[in-house]
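Student: upload06.cif is reproduced in full below (mmCIF, N, CA, C and O atoms and all ligand atoms).
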```
data_target
loop_
_atom_site.label_atom_id
_atom_site.label_comp_id
_atom_site.auth_asym_id
_atom_site.auth_seq_id
_atom_site.Cartn_x
_atom_site.Cartn_y
_atom_site.Cartn_z
N MET A 1 -30.33 -9.93 12.22
CA MET A 1 -29.08 -9.24 11.86
C MET A 1 -29.41 -7.96 11.12
O MET A 1 -30.32 -7.92 10.29
N ALA A 2 -28.68 -6.89 11.41
CA ALA A 2 -28.90 -5.61 10.72
C ALA A 2 -28.47 -5.72 9.26
O ALA A 2 -27.46 -6.32 8.94
N VAL A 3 -29.31 -5.15 8.40
CA VAL A 3 -29.08 -5.22 6.96
C VAL A 3 -29.14 -3.80 6.40
O VAL A 3 -30.00 -3.02 6.83
N PRO A 4 -28.26 -3.41 5.47
CA PRO A 4 -28.33 -2.06 4.88
C PRO A 4 -29.68 -1.81 4.23
O PRO A 4 -30.23 -2.70 3.57
N LYS A 5 -30.22 -0.60 4.43
CA LYS A 5 -31.57 -0.30 3.94
C LYS A 5 -31.60 -0.16 2.43
O LYS A 5 -32.60 -0.51 1.80
N ARG A 6 -30.54 0.40 1.86
CA ARG A 6 -30.49 0.64 0.42
C ARG A 6 -29.20 0.12 -0.18
O ARG A 6 -28.17 0.08 0.50
N LYS A 7 -29.26 -0.21 -1.45
CA LYS A 7 -28.07 -0.60 -2.20
C LYS A 7 -27.13 0.61 -2.32
O LYS A 7 -27.60 1.72 -2.57
N LEU A 8 -25.84 0.38 -2.12
CA LEU A 8 -24.86 1.44 -2.29
C LEU A 8 -24.67 1.69 -3.78
O LEU A 8 -24.45 0.74 -4.53
N SER A 9 -24.76 2.97 -4.21
CA SER A 9 -24.60 3.28 -5.63
C SER A 9 -23.17 3.01 -6.09
O SER A 9 -22.24 2.99 -5.28
N ARG A 10 -23.00 2.79 -7.36
CA ARG A 10 -21.67 2.58 -7.93
C ARG A 10 -20.77 3.78 -7.63
O ARG A 10 -19.59 3.64 -7.32
N SER A 11 -21.35 5.00 -7.71
CA SER A 11 -20.58 6.21 -7.45
C SER A 11 -20.04 6.23 -6.02
O SER A 11 -18.86 6.49 -5.79
N ARG A 12 -20.90 5.92 -5.06
CA ARG A 12 -20.48 5.92 -3.65
C ARG A 12 -19.41 4.88 -3.40
O ARG A 12 -18.41 5.14 -2.71
N THR A 13 -19.59 3.70 -3.97
CA THR A 13 -18.60 2.64 -3.81
C THR A 13 -17.27 3.08 -4.37
O THR A 13 -16.22 2.91 -3.74
N ARG A 14 -17.29 3.65 -5.58
CA ARG A 14 -16.03 4.03 -6.23
C ARG A 14 -15.37 5.23 -5.56
O ARG A 14 -14.14 5.31 -5.53
N HIS A 15 -16.18 6.14 -5.00
CA HIS A 15 -15.60 7.26 -4.24
C HIS A 15 -14.81 6.70 -3.06
O HIS A 15 -13.68 7.11 -2.78
N ARG A 16 -15.41 5.75 -2.34
CA ARG A 16 -14.76 5.16 -1.18
C ARG A 16 -13.52 4.39 -1.59
O ARG A 16 -12.47 4.52 -0.97
N GLN A 17 -13.62 3.58 -2.65
CA GLN A 17 -12.48 2.78 -3.09
C GLN A 17 -11.33 3.68 -3.54
O GLN A 17 -10.16 3.33 -3.34
N GLY A 18 -11.65 4.84 -4.13
CA GLY A 18 -10.60 5.79 -4.52
C GLY A 18 -9.85 6.31 -3.31
O GLY A 18 -8.62 6.42 -3.32
N ALA A 19 -10.58 6.61 -2.24
CA ALA A 19 -9.96 7.11 -1.02
C ALA A 19 -9.09 6.02 -0.40
O ALA A 19 -7.98 6.29 0.09
N VAL A 20 -9.56 4.78 -0.42
CA VAL A 20 -8.79 3.66 0.15
C VAL A 20 -7.51 3.47 -0.66
O VAL A 20 -6.42 3.30 -0.09
N ALA A 21 -7.61 3.51 -1.98
CA ALA A 21 -6.44 3.31 -2.84
C ALA A 21 -5.39 4.39 -2.62
O ALA A 21 -4.19 4.12 -2.61
N ALA A 22 -5.86 5.64 -2.43
CA ALA A 22 -4.93 6.75 -2.22
C ALA A 22 -4.25 6.61 -0.87
O ALA A 22 -3.07 6.96 -0.71
N HIS A 23 -4.97 6.11 0.12
CA HIS A 23 -4.43 6.01 1.48
C HIS A 23 -3.50 4.82 1.62
O HIS A 23 -2.53 4.88 2.38
N CYS A 24 -3.78 3.73 0.92
CA CYS A 24 -3.04 2.48 1.10
C CYS A 24 -2.04 2.24 -0.02
O CYS A 24 -1.76 1.09 -0.36
N ALA A 25 -1.48 3.29 -0.62
CA ALA A 25 -0.49 3.10 -1.67
C ALA A 25 0.73 2.40 -1.10
O ALA A 25 1.16 2.72 0.00
N PRO A 26 1.30 1.41 -1.81
CA PRO A 26 2.41 0.66 -1.27
C PRO A 26 3.66 1.52 -1.10
O PRO A 26 3.94 2.39 -1.92
N THR A 27 4.39 1.27 -0.01
CA THR A 27 5.63 2.00 0.28
C THR A 27 6.75 1.49 -0.63
O THR A 27 6.87 0.28 -0.83
N VAL A 28 7.51 2.39 -1.20
CA VAL A 28 8.59 2.02 -2.12
C VAL A 28 9.87 2.67 -1.61
O VAL A 28 9.90 3.86 -1.31
N ALA A 29 10.92 1.87 -1.51
CA ALA A 29 12.25 2.37 -1.17
C ALA A 29 13.16 2.16 -2.37
O ALA A 29 12.77 1.52 -3.34
N THR A 30 14.38 2.69 -2.33
CA THR A 30 15.34 2.49 -3.43
C THR A 30 16.54 1.72 -2.91
O THR A 30 16.99 1.93 -1.79
N CYS A 31 17.05 0.83 -3.76
CA CYS A 31 18.22 0.03 -3.42
C CYS A 31 19.44 0.95 -3.33
O CYS A 31 19.66 1.77 -4.21
N PRO A 32 20.27 0.83 -2.27
CA PRO A 32 21.44 1.71 -2.16
C PRO A 32 22.50 1.44 -3.23
O PRO A 32 23.31 2.31 -3.52
N ARG A 33 22.53 0.22 -3.79
CA ARG A 33 23.57 -0.11 -4.78
C ARG A 33 23.10 0.17 -6.20
O ARG A 33 23.75 0.89 -6.94
N CYS A 34 21.94 -0.43 -6.61
CA CYS A 34 21.53 -0.32 -8.01
C CYS A 34 20.40 0.68 -8.22
O CYS A 34 20.00 0.89 -9.35
N LYS A 35 19.90 1.29 -7.16
CA LYS A 35 18.89 2.36 -7.23
C LYS A 35 17.55 1.89 -7.80
O LYS A 35 16.74 2.71 -8.21
N SER A 36 17.31 0.58 -7.83
CA SER A 36 16.02 0.10 -8.31
C SER A 36 15.00 0.16 -7.18
O SER A 36 15.36 0.16 -6.00
N ALA A 37 13.72 0.22 -7.52
CA ALA A 37 12.64 0.33 -6.54
C ALA A 37 12.40 -1.02 -5.87
O ALA A 37 12.44 -2.06 -6.53
N LEU A 38 12.20 -1.02 -4.54
CA LEU A 38 11.90 -2.25 -3.82
C LEU A 38 11.10 -1.91 -2.57
O LEU A 38 11.09 -0.76 -2.13
N ARG A 39 10.43 -2.93 -2.01
CA ARG A 39 9.72 -2.76 -0.74
C ARG A 39 10.76 -2.62 0.37
O ARG A 39 11.81 -3.26 0.32
N PRO A 40 10.47 -1.81 1.42
CA PRO A 40 11.42 -1.67 2.52
C PRO A 40 11.63 -2.99 3.27
O PRO A 40 10.71 -3.81 3.35
N HIS A 41 12.81 -3.19 3.81
CA HIS A 41 13.17 -4.37 4.62
C HIS A 41 13.11 -5.65 3.81
O HIS A 41 12.77 -6.72 4.34
N THR A 42 13.42 -5.56 2.52
CA THR A 42 13.47 -6.75 1.67
C THR A 42 14.79 -6.78 0.91
O THR A 42 15.42 -5.75 0.72
N VAL A 43 15.20 -7.98 0.49
CA VAL A 43 16.40 -8.13 -0.33
C VAL A 43 16.09 -7.60 -1.72
O VAL A 43 15.00 -7.84 -2.25
N CYS A 44 17.05 -6.88 -2.31
CA CYS A 44 16.86 -6.35 -3.66
C CYS A 44 16.81 -7.50 -4.65
O CYS A 44 17.70 -8.36 -4.67
N ALA A 45 15.77 -7.54 -5.51
CA ALA A 45 15.62 -8.62 -6.48
C ALA A 45 16.59 -8.46 -7.64
O ALA A 45 16.89 -9.44 -8.33
N THR A 46 17.12 -7.26 -7.86
CA THR A 46 18.01 -7.01 -9.00
C THR A 46 19.45 -7.39 -8.68
O THR A 46 20.10 -8.08 -9.46
N CYS A 47 19.96 -6.96 -7.50
CA CYS A 47 21.37 -7.20 -7.19
C CYS A 47 21.56 -8.04 -5.92
O CYS A 47 22.69 -8.40 -5.60
N GLY A 48 20.48 -8.35 -5.17
CA GLY A 48 20.58 -9.24 -4.02
C GLY A 48 21.20 -8.63 -2.79
O GLY A 48 21.66 -9.34 -1.90
N VAL A 49 21.23 -7.31 -2.69
CA VAL A 49 21.85 -6.64 -1.55
C VAL A 49 20.82 -6.40 -0.45
O VAL A 49 19.65 -6.16 -0.74
N TYR A 50 21.25 -6.54 0.80
CA TYR A 50 20.40 -6.19 1.93
C TYR A 50 21.29 -5.67 3.06
O TYR A 50 22.27 -6.32 3.42
N GLY A 51 20.94 -4.52 3.60
CA GLY A 51 21.68 -3.93 4.70
C GLY A 51 23.13 -3.62 4.35
O GLY A 51 24.02 -3.75 5.20
N GLY A 52 23.39 -3.24 3.08
CA GLY A 52 24.72 -2.84 2.66
C GLY A 52 25.63 -3.99 2.26
O GLY A 52 26.78 -3.76 1.90
N ARG A 53 25.15 -5.25 2.36
CA ARG A 53 25.98 -6.38 1.93
C ARG A 53 25.16 -7.30 1.05
O ARG A 53 23.93 -7.29 1.10
N THR A 54 25.85 -8.15 0.26
CA THR A 54 25.16 -9.07 -0.63
C THR A 54 24.60 -10.23 0.19
O THR A 54 25.36 -10.99 0.79
N ALA A 55 23.27 -10.34 0.23
CA ALA A 55 22.61 -11.39 1.00
C ALA A 55 22.29 -12.60 0.13
O ALA A 55 22.30 -13.74 0.61
N VAL A 56 21.97 -12.37 -1.15
CA VAL A 56 21.58 -13.44 -2.07
C VAL A 56 22.34 -13.24 -3.37
O VAL A 56 22.47 -12.10 -3.85
N GLU A 57 22.88 -14.32 -3.92
CA GLU A 57 23.56 -14.24 -5.22
C GLU A 57 22.50 -14.25 -6.33
O GLU A 57 21.67 -15.15 -6.38
N VAL A 58 22.52 -13.21 -7.16
CA VAL A 58 21.57 -13.10 -8.27
C VAL A 58 22.33 -13.27 -9.57
O VAL A 58 23.40 -12.68 -9.76
N ASP A 59 21.81 -14.12 -10.47
CA ASP A 59 22.46 -14.35 -11.77
C ASP A 59 22.27 -13.15 -12.68
O ASP A 59 21.15 -12.70 -12.86
ZN ZN A 101 19.79 -3.55 -5.91
#
```
Represent the structure from my file as structure tokens, please.

Tutor:
Amino acid sequence: MAVPKRKLSRSRTRHRQGAVAAHCAPTVATCPRCKSALRPHTVCATCGVYGGRTAVEVD
């Protein structure tokens, strides 16, 4: 099996991880009713609205 010739330096690893983190930032949408941040295509955890109507009753 092919094996890397040298250990990857901490700097190289962190440079790559920084690029990955910048590229894979999570998508954030805003709730149309309460304007709180939420993932797209999910029920709002604050007011329970989805697609313009109340999908879940939140206390
Ligand atoms: Zn909401």

Student: Residues at most 8 Å from Arg33 (chain A), counting only N, CA, C and O atoms, excluding those fewer than 4 positions away in the same chain, as a short mmCIF file (atom, residue, chain, number, x, y, z; two decimals) with N, CA, C and O atoms, in the frame of the given file?

Tutor:
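The resulting file, part-v1.cif, is reproduced below:
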```cif
data_model
loop_
_atom_site.label_atom_id
_atom_site.label_comp_id
_atom_site.auth_asym_id
_atom_site.auth_seq_id
_atom_site.Cartn_x
_atom_site.Cartn_y
_atom_site.Cartn_z
N CYS A 47 19.96 -6.96 -7.50
CA CYS A 47 21.37 -7.20 -7.19
C CYS A 47 21.56 -8.04 -5.92
O CYS A 47 22.69 -8.40 -5.60
N VAL A 49 21.23 -7.31 -2.69
CA VAL A 49 21.85 -6.64 -1.55
C VAL A 49 20.82 -6.40 -0.45
O VAL A 49 19.65 -6.16 -0.74
N GLY A 52 23.39 -3.24 3.08
CA GLY A 52 24.72 -2.84 2.66
C GLY A 52 25.63 -3.99 2.26
O GLY A 52 26.78 -3.76 1.90
#
```

Student: Could you tell me how far CA of Glu57 (chain A) lies from atom O of Ala25 (chain A), in Å and to one decimal?

Tutor: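 Separation of CA of Glu57 (chain A) and atom O of Ala25 (chain A): 28.6 Å.
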
Student: Measuring atom to atom with all atoms listed in the file, identify which of A:Thr54, A:Gln17, A:Ser9, A:Ser36 is nearest to ligand ZN 101 (chain A).

Tutor: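 Nearest candidate to ligand ZN 101 (chain A) out of A:Thr54, A:Gln17, A:Ser9, A:Ser36: A:Ser36.
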
Student: Please tell me which residues are no farther than 8 Å from (19.9, -6.7, -4.3) in the file, counting only N, CA, C and O atoms, and write them as a ChimeraX atom specification.

Tutor: /A:31-34,42-50,53-56,58

Student: Produce a file of the selected residues containing N, CA, C and O atoms, as a PDB file, in the coordinates of the input.

Tutor:
```pdb
ATOM      1  N   CYS A  31      17.050   0.830  -3.760  1.00  0.00           N
ATOM      2  CA  CYS A  31      18.220   0.030  -3.420  1.00  0.00           C
ATOM      3  C   CYS A  31      19.440   0.950  -3.330  1.00  0.00           C
ATOM      4  O   CYS A  31      19.660   1.770  -4.210  1.00  0.00           O
ATOM      5  N   PRO A  32      20.270   0.830  -2.270  1.00  0.00           N
ATOM      6  CA  PRO A  32      21.440   1.710  -2.160  1.00  0.00           C
ATOM      7  C   PRO A  32      22.500   1.440  -3.230  1.00  0.00           C
ATOM      8  O   PRO A  32      23.310   2.310  -3.520  1.00  0.00           O
ATOM      9  N   ARG A  33      22.530   0.220  -3.790  1.00  0.00           N
ATOM     10  CA  ARG A  33      23.570  -0.110  -4.780  1.00  0.00           C
ATOM     11  C   ARG A  33      23.100   0.170  -6.200  1.00  0.00           C
ATOM     12  O   ARG A  33      23.750   0.890  -6.940  1.00  0.00           O
ATOM     13  N   CYS A  34      21.940  -0.430  -6.610  1.00  0.00           N
ATOM     14  CA  CYS A  34      21.530  -0.320  -8.010  1.00  0.00           C
ATOM     15  C   CYS A  34      20.400   0.680  -8.220  1.00  0.00           C
ATOM     16  O   CYS A  34      20.000   0.890  -9.350  1.00  0.00           O
ATOM     17  N   THR A  42      13.420  -5.560   2.520  1.00  0.00           N
ATOM     18  CA  THR A  42      13.470  -6.750   1.670  1.00  0.00           C
ATOM     19  C   THR A  42      14.790  -6.780   0.910  1.00  0.00           C
ATOM     20  O   THR A  42      15.420  -5.750   0.720  1.00  0.00           O
ATOM     21  N   VAL A  43      15.200  -7.980   0.490  1.00  0.00           N
ATOM     22  CA  VAL A  43      16.400  -8.130  -0.330  1.00  0.00           C
ATOM     23  C   VAL A  43      16.090  -7.600  -1.720  1.00  0.00           C
ATOM     24  O   VAL A  43      15.000  -7.840  -2.250  1.00  0.00           O
ATOM     25  N   CYS A  44      17.050  -6.880  -2.310  1.00  0.00           N
ATOM     26  CA  CYS A  44      16.860  -6.350  -3.660  1.00  0.00           C
ATOM     27  C   CYS A  44      16.810  -7.500  -4.650  1.00  0.00           C
ATOM     28  O   CYS A  44      17.700  -8.360  -4.670  1.00  0.00           O
ATOM     29  N   ALA A  45      15.770  -7.540  -5.510  1.00  0.00           N
ATOM     30  CA  ALA A  45      15.620  -8.620  -6.480  1.00  0.00           C
ATOM     31  C   ALA A  45      16.590  -8.460  -7.640  1.00  0.00           C
ATOM     32  O   ALA A  45      16.890  -9.440  -8.330  1.00  0.00           O
ATOM     33  N   THR A  46      17.120  -7.260  -7.860  1.00  0.00           N
ATOM     34  CA  THR A  46      18.010  -7.010  -9.000  1.00  0.00           C
ATOM     35  C   THR A  46      19.450  -7.390  -8.680  1.00  0.00           C
ATOM     36  O   THR A  46      20.100  -8.080  -9.460  1.00  0.00           O
ATOM     37  N   CYS A  47      19.960  -6.960  -7.500  1.00  0.00           N
ATOM     38  CA  CYS A  47      21.370  -7.200  -7.190  1.00  0.00           C
ATOM     39  C   CYS A  47      21.560  -8.040  -5.920  1.00  0.00           C
ATOM     40  O   CYS A  47      22.690  -8.400  -5.600  1.00  0.00           O
ATOM     41  N   GLY A  48      20.480  -8.350  -5.170  1.00  0.00           N
ATOM     42  CA  GLY A  48      20.580  -9.240  -4.020  1.00  0.00           C
ATOM     43  C   GLY A  48      21.200  -8.630  -2.790  1.00  0.00           C
ATOM     44  O   GLY A  48      21.660  -9.340  -1.900  1.00  0.00           O
ATOM     45  N   VAL A  49      21.230  -7.310  -2.690  1.00  0.00           N
ATOM     46  CA  VAL A  49      21.850  -6.640  -1.550  1.00  0.00           C
ATOM     47  C   VAL A  49      20.820  -6.400  -0.450  1.00  0.00           C
ATOM     48  O   VAL A  49      19.650  -6.160  -0.740  1.00  0.00           O
ATOM     49  N   TYR A  50      21.250  -6.540   0.800  1.00  0.00           N
ATOM     50  CA  TYR A  50      20.400  -6.190   1.930  1.00  0.00           C
ATOM     51  C   TYR A  50      21.290  -5.670   3.060  1.00  0.00           C
ATOM     52  O   TYR A  50      22.270  -6.320   3.420  1.00  0.00           O
ATOM     53  N   ARG A  53      25.150  -5.250   2.360  1.00  0.00           N
ATOM     54  CA  ARG A  53      25.980  -6.380   1.930  1.00  0.00           C
ATOM     55  C   ARG A  53      25.160  -7.300   1.050  1.00  0.00           C
ATOM     56  O   ARG A  53      23.930  -7.290   1.100  1.00  0.00           O
ATOM     57  N   THR A  54      25.850  -8.150   0.260  1.00  0.00           N
ATOM     58  CA  THR A  54      25.160  -9.070  -0.630  1.00  0.00           C
ATOM     59  C   THR A  54      24.600 -10.230   0.190  1.00  0.00           C
ATOM     60  O   THR A  54      25.360 -10.990   0.790  1.00  0.00           O
ATOM     61  N   ALA A  55      23.270 -10.340   0.230  1.00  0.00           N
ATOM     62  CA  ALA A  55      22.610 -11.390   1.000  1.00  0.00           C
ATOM     63  C   ALA A  55      22.290 -12.600   0.130  1.00  0.00           C
ATOM     64  O   ALA A  55      22.300 -13.740   0.610  1.00  0.00           O
ATOM     65  N   VAL A  56      21.970 -12.370  -1.150  1.00  0.00           N
ATOM     66  CA  VAL A  56      21.580 -13.440  -2.070  1.00  0.00           C
ATOM     67  C   VAL A  56      22.340 -13.240  -3.370  1.00  0.00           C
ATOM     68  O   VAL A  56      22.470 -12.100  -3.850  1.00  0.00           O
ATOM     69  N   VAL A  58      22.520 -13.210  -7.160  1.00  0.00           N
ATOM     70  CA  VAL A  58      21.570 -13.100  -8.270  1.00  0.00           C
ATOM     71  C   VAL A  58      22.330 -13.270  -9.570  1.00  0.00           C
ATOM     72  O   VAL A  58      23.400 -12.680  -9.760  1.00  0.00           O
TER      73      VAL A  58
END
```

Student: If DSSP is run on the backbone, what residues of chain A are strand (DSSP E or B)? A reply as a PyMOL selection string would be ideal.

Tutor: chain A and resi 29-30+37-38+49-50+53-54

Student: Measuring between only C-alpha atoms and all ligand atoms, which one of A:His15, A:His41, A:Arg6, A:Lys35 shows the shortest distance to ligand ZN 101 (chain A)?

Tutor: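 Closest candidate: A:Lys35.
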
Student: Could you give me region 37-48 of chain A completed to all heavy atoms, formatted as a PDB file, keeping the file's coordinate frame?

Tutor:
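What ended up in out_0.pdb:
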```pdb
ATOM      1  N   ALA A  37      13.720   0.220  -7.520  1.00  0.00           N
ATOM      2  CA  ALA A  37      12.640   0.330  -6.540  1.00  0.00           C
ATOM      3  C   ALA A  37      12.400  -1.020  -5.870  1.00  0.00           C
ATOM      4  O   ALA A  37      12.440  -2.060  -6.530  1.00  0.00           O
ATOM      5  CB  ALA A  37      11.373   0.809  -7.217  1.00  0.00           C
ATOM      6  N   LEU A  38      12.200  -1.020  -4.540  1.00  0.00           N
ATOM      7  CA  LEU A  38      11.900  -2.250  -3.820  1.00  0.00           C
ATOM      8  C   LEU A  38      11.100  -1.910  -2.570  1.00  0.00           C
ATOM      9  O   LEU A  38      11.090  -0.760  -2.130  1.00  0.00           O
ATOM     10  CB  LEU A  38      13.179  -3.019  -3.463  1.00  0.00           C
ATOM     11  CG  LEU A  38      14.135  -2.437  -2.417  1.00  0.00           C
ATOM     12  CD1 LEU A  38      14.910  -3.555  -1.749  1.00  0.00           C
ATOM     13  CD2 LEU A  38      15.117  -1.477  -3.045  1.00  0.00           C
ATOM     14  N   ARG A  39      10.430  -2.930  -2.010  1.00  0.00           N
ATOM     15  CA  ARG A  39       9.720  -2.760  -0.740  1.00  0.00           C
ATOM     16  C   ARG A  39      10.760  -2.620   0.370  1.00  0.00           C
ATOM     17  O   ARG A  39      11.810  -3.260   0.320  1.00  0.00           O
ATOM     18  CB  ARG A  39       8.826  -3.975  -0.445  1.00  0.00           C
ATOM     19  CG  ARG A  39       7.784  -4.273  -1.499  1.00  0.00           C
ATOM     20  CD  ARG A  39       6.757  -3.177  -1.663  1.00  0.00           C
ATOM     21  NE  ARG A  39       6.091  -2.827  -0.403  1.00  0.00           N
ATOM     22  CZ  ARG A  39       5.013  -3.442   0.071  1.00  0.00           C
ATOM     23  NH1 ARG A  39       4.483  -4.447  -0.578  1.00  0.00           N
ATOM     24  NH2 ARG A  39       4.460  -3.056   1.204  1.00  0.00           N
ATOM     25  N   PRO A  40      10.470  -1.810   1.420  1.00  0.00           N
ATOM     26  CA  PRO A  40      11.420  -1.670   2.520  1.00  0.00           C
ATOM     27  C   PRO A  40      11.630  -2.990   3.270  1.00  0.00           C
ATOM     28  O   PRO A  40      10.710  -3.810   3.350  1.00  0.00           O
ATOM     29  CB  PRO A  40      10.754  -0.642   3.433  1.00  0.00           C
ATOM     30  CG  PRO A  40       9.711   0.006   2.625  1.00  0.00           C
ATOM     31  CD  PRO A  40       9.297  -0.971   1.586  1.00  0.00           C
ATOM     32  N   HIS A  41      12.810  -3.190   3.810  1.00  0.00           N
ATOM     33  CA  HIS A  41      13.170  -4.370   4.620  1.00  0.00           C
ATOM     34  C   HIS A  41      13.110  -5.650   3.810  1.00  0.00           C
ATOM     35  O   HIS A  41      12.770  -6.720   4.340  1.00  0.00           O
ATOM     36  CB  HIS A  41      12.285  -4.484   5.879  1.00  0.00           C
ATOM     37  CG  HIS A  41      12.156  -3.200   6.636  1.00  0.00           C
ATOM     38  ND1 HIS A  41      13.166  -2.666   7.374  1.00  0.00           N
ATOM     39  CD2 HIS A  41      11.124  -2.317   6.720  1.00  0.00           C
ATOM     40  CE1 HIS A  41      12.766  -1.527   7.910  1.00  0.00           C
ATOM     41  NE2 HIS A  41      11.536  -1.286   7.513  1.00  0.00           N
ATOM     42  N   THR A  42      13.420  -5.560   2.520  1.00  0.00           N
ATOM     43  CA  THR A  42      13.470  -6.750   1.670  1.00  0.00           C
ATOM     44  C   THR A  42      14.790  -6.780   0.910  1.00  0.00           C
ATOM     45  O   THR A  42      15.420  -5.750   0.720  1.00  0.00           O
ATOM     46  CB  THR A  42      12.323  -6.778   0.641  1.00  0.00           C
ATOM     47  OG1 THR A  42      12.394  -5.607  -0.151  1.00  0.00           O
ATOM     48  CG2 THR A  42      10.961  -6.875   1.300  1.00  0.00           C
ATOM     49  N   VAL A  43      15.200  -7.980   0.490  1.00  0.00           N
ATOM     50  CA  VAL A  43      16.400  -8.130  -0.330  1.00  0.00           C
ATOM     51  C   VAL A  43      16.090  -7.600  -1.720  1.00  0.00           C
ATOM     52  O   VAL A  43      15.000  -7.840  -2.250  1.00  0.00           O
ATOM     53  CB  VAL A  43      16.831  -9.613  -0.386  1.00  0.00           C
ATOM     54  CG1 VAL A  43      18.003  -9.808  -1.321  1.00  0.00           C
ATOM     55  CG2 VAL A  43      17.165 -10.120   1.003  1.00  0.00           C
ATOM     56  N   CYS A  44      17.050  -6.880  -2.310  1.00  0.00           N
ATOM     57  CA  CYS A  44      16.860  -6.350  -3.660  1.00  0.00           C
ATOM     58  C   CYS A  44      16.810  -7.500  -4.650  1.00  0.00           C
ATOM     59  O   CYS A  44      17.700  -8.360  -4.670  1.00  0.00           O
ATOM     60  CB  CYS A  44      17.985  -5.390  -4.015  1.00  0.00           C
ATOM     61  SG  CYS A  44      17.867  -4.738  -5.679  1.00  0.00           S
ATOM     62  N   ALA A  45      15.770  -7.540  -5.510  1.00  0.00           N
ATOM     63  CA  ALA A  45      15.620  -8.620  -6.480  1.00  0.00           C
ATOM     64  C   ALA A  45      16.590  -8.460  -7.640  1.00  0.00           C
ATOM     65  O   ALA A  45      16.890  -9.440  -8.330  1.00  0.00           O
ATOM     66  CB  ALA A  45      14.179  -8.636  -7.000  1.00  0.00           C
ATOM     67  N   THR A  46      17.120  -7.260  -7.860  1.00  0.00           N
ATOM     68  CA  THR A  46      18.010  -7.010  -9.000  1.00  0.00           C
ATOM     69  C   THR A  46      19.450  -7.390  -8.680  1.00  0.00           C
ATOM     70  O   THR A  46      20.100  -8.080  -9.460  1.00  0.00           O
ATOM     71  CB  THR A  46      17.924  -5.529  -9.398  1.00  0.00           C
ATOM     72  OG1 THR A  46      16.545  -5.152  -9.482  1.00  0.00           O
ATOM     73  CG2 THR A  46      18.603  -5.283 -10.730  1.00  0.00           C
ATOM     74  N   CYS A  47      19.960  -6.960  -7.500  1.00  0.00           N
ATOM     75  CA  CYS A  47      21.370  -7.200  -7.190  1.00  0.00           C
ATOM     76  C   CYS A  47      21.560  -8.040  -5.920  1.00  0.00           C
ATOM     77  O   CYS A  47      22.690  -8.400  -5.600  1.00  0.00           O
ATOM     78  CB  CYS A  47      22.115  -5.874  -7.071  1.00  0.00           C
ATOM     79  SG  CYS A  47      21.594  -4.828  -5.707  1.00  0.00           S
ATOM     80  N   GLY A  48      20.480  -8.350  -5.170  1.00  0.00           N
ATOM     81  CA  GLY A  48      20.580  -9.240  -4.020  1.00  0.00           C
ATOM     82  C   GLY A  48      21.200  -8.630  -2.790  1.00  0.00           C
ATOM     83  O   GLY A  48      21.660  -9.340  -1.900  1.00  0.00           O
TER      84      GLY A  48
END
```
